[in-house]
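Have a look at the structure below before the remarks.
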Amino acid sequence: MFLLLPFDSLVVNLLGISITVLFTLLLVFIIVPAIFGVSFGIRKVYMKTLLKIFQWATLRIERGAKEKNHPLYKPYVNGIIAKEPMSLEEEIKEIRRSGSGKALDTPEFELSDIFYFCRKGIETIMDDEVTKRFSAEELESWNLLSRTNYNFQYISLRLTVLWGLGVLIRYCFLLPLRIALAFTGISLLVTGTTVVGYLPNGRCKEFLSKHVHLMCYRICVRALTAIITYHDRENRPRNGGICVANHTSPIDVIILASDGYYAMVGQIHGGLMGVIQRAMVKACPHVWFERSEVKDRHLVAKRLTEHVQDKSKLPILIFPEGTCINNTSVMMFKKGSFEIGATVYPVAIKYDPQFGDAFWNSSKYGMVTYLLRMMTSWAIVCSVWYLPPMTRQVSKVNLPYLTCYLGPLLLLNSVILPQPEEDAVQFANRVKSAIARQGGLVDLLWDGGLKREKVKDTFKEEQQKLYSKMIVGNHEDRSRS
């Protein structure tokens, strides 16, 4: 018994030294650079190394599958059905011509018109452009994560050993390190904002609050080994405006807040999230709502309007889609944040799924499971584009001037062309299109609420109205002739 004491003492000493070295490395290479917003470039070297390993593994899988005559799964990037952008009227006209040879305006209704709706229904079942936006994007290459590629089968011993080594690195080294960093960032956020909250309002409090938020969010970003590239920083949101972005994951907030200072909008929660919210609101004018208040659109709009009218307050960060999409498209923006009349600062976020899928399928995974998947991925790599600010177009007069000199007389001819006012829905669609175009995402008109709800009857009625308008319109044209 006593002979084992020196050995036990040695183990304890080694363990203490290991923990001390680990925390020293965390402090020197991660926490201190996060405080000052600098990087040593270690993450980029790490990313380039992973890319070379992924390329080798993918080539080895393809070669092994070819030797064993295994078919390789290839994801459909552009859909499995080729669709031409044609209107309802044009497609029905084409069906009628190919079927009966009659022109569109000959009959009021033809039985062949049914084939248009049947074909559209079958196409939707076979290639549903909405449902597939709520599932993880399948990769063509393999990133040593068995959950991201259907092609992973036993190919060779070296490949299997490499995959097993990756599991050990991700779960035994990266996961504990990331949990420690996340705990550090959240603890500093709660402590720092609570302390700053006791200071009197003024420039000192605002300065300290800004840097406490930035420091803590940057530590949390490093807890995910996030490698973020920010573009066009001169367009970053300013006070008195609204920042809107496409939504892929809860970590979108951390990605944006690590580069800017925002007022958050959201529902009041309990538990750990509630503790964080109560601490943050002491140091910064965030906009939190009770569960009953969120359903009151007028109250929400009033609170947001009061916030943006004060030009000294921070820009509000909002995700108008209202749910997470798998980063392949942008779905319908809710019009509420576009009715306020404030300047909108669009932001496009695009994740690289090669290193880890950032999409949160909330109907399949809980928050704890999702965070575990994030922290056991290789890294989170994304690009962020700050787009130029946009405002809602109002009714105005366009005055192009034609100026000519006839001796000492100046003749000014003006052509007055009134332009229609842009409503909130049109403004939201214009902002959404700009974000989709910059981020290389598909611009969809569907509501993200279809993730959990059935299709509303208004969508069906819209198609019925289009078809009815086509028939009635042709009938009226014939009656006039």
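Each chain of the structure tokens is named A, B, ... in the order shown, its residues numbered from 1; ligands are numbered from 1 in display order.
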Please, which residues of segment 202-451 of chain A, numbered as in this document, come out strand (DSSP E or B) from DSSP, as JSON, numbers by chain? {"A": [226, 227, 228, 229, 230, 231, 242, 243, 244, 245, 263, 264, 265, 266, 267, 287, 288, 289, 316, 317, 318, 329, 330, 344, 345, 346, 347, 348, 349, 350, 351, 352, 380, 381, 382, 383, 384, 385, 386, 390, 396, 397, 398, 401, 402, 403, 404, 405, 406, 409, 410, 411, 412, 413, 414, 417, 418, 419, 442, 443]}
Per-residue DSSP, segment 192-246 of chain A, filtered to helix (DSSP H, G or I), as a PyMOL selection string: chain A and resi 192-197+203-223+233-235
For Ser312 of chain A, find every residue with an atom within 12 Å (counting only C-alpha atoms), except residues of its own chain fewer than 4 positions away, and show them as a ChimeraX atom specification. /A:202-203,206,238-241,263,285,306-308
Rounded to one decimal, what separation in Å do you get between atom CA of Glu421 of chain A and atom CA of Arg392 of chain A? 8.5 Å
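Atom CA of Ser156 of chain A is found 22.3 Å from atom CA of Trp378 of chain A.
Going from atom CA of Trp446 of chain A to atom CA of Glu461 of chain A covers 14.9 Å.
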Selection: 10 Å around segment 428-442 of chain A, only C-alpha atoms, excl. self and same-chain fewer than 6 positions, as a PyMOL selection string: chain A and resi 129+244-246+320-321+327-339+344-351+383-392+422
Using only C-alpha atoms, pick whichever of A:Thr229, A:Lys120, A:Pro33, A:Ala223 has the shortest atom-to-atom distance to Pro176 of chain A. A:Ala223
Could you give me, as an MDAnalysis selection string, the residues within 10 Å of segment 359-371 of chain A, counting only C-alpha atoms and dropping anything in the same chain fewer than 2 positions from it? chainID A and resid 133:137 224 247:251 323:327 351 353 356:357 373:377 451:452
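Within the 8 Å cut-off around Ile340 of chain A, using only C-alpha atoms and omitting residues fewer than 4 positions from it on the same chain, the listed residues are Ala301, Leu304, Thr305 and Gly336 of chain A.
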Pull C-alpha atoms from the residues just selected and write them as a PDB file, in the first residue's frame.
ATOM      1  CA  ALA A 301     -43.643  46.303 -34.112  1.00  0.00           C
ATOM      2  CA  LEU A 304     -38.875  47.633 -32.574  1.00  0.00           C
ATOM      3  CA  THR A 305     -39.976  50.991 -34.013  1.00  0.00           C
ATOM      4  CA  GLY A 336     -42.789  42.439 -39.886  1.00  0.00           C
TER       5      GLY A 336
END
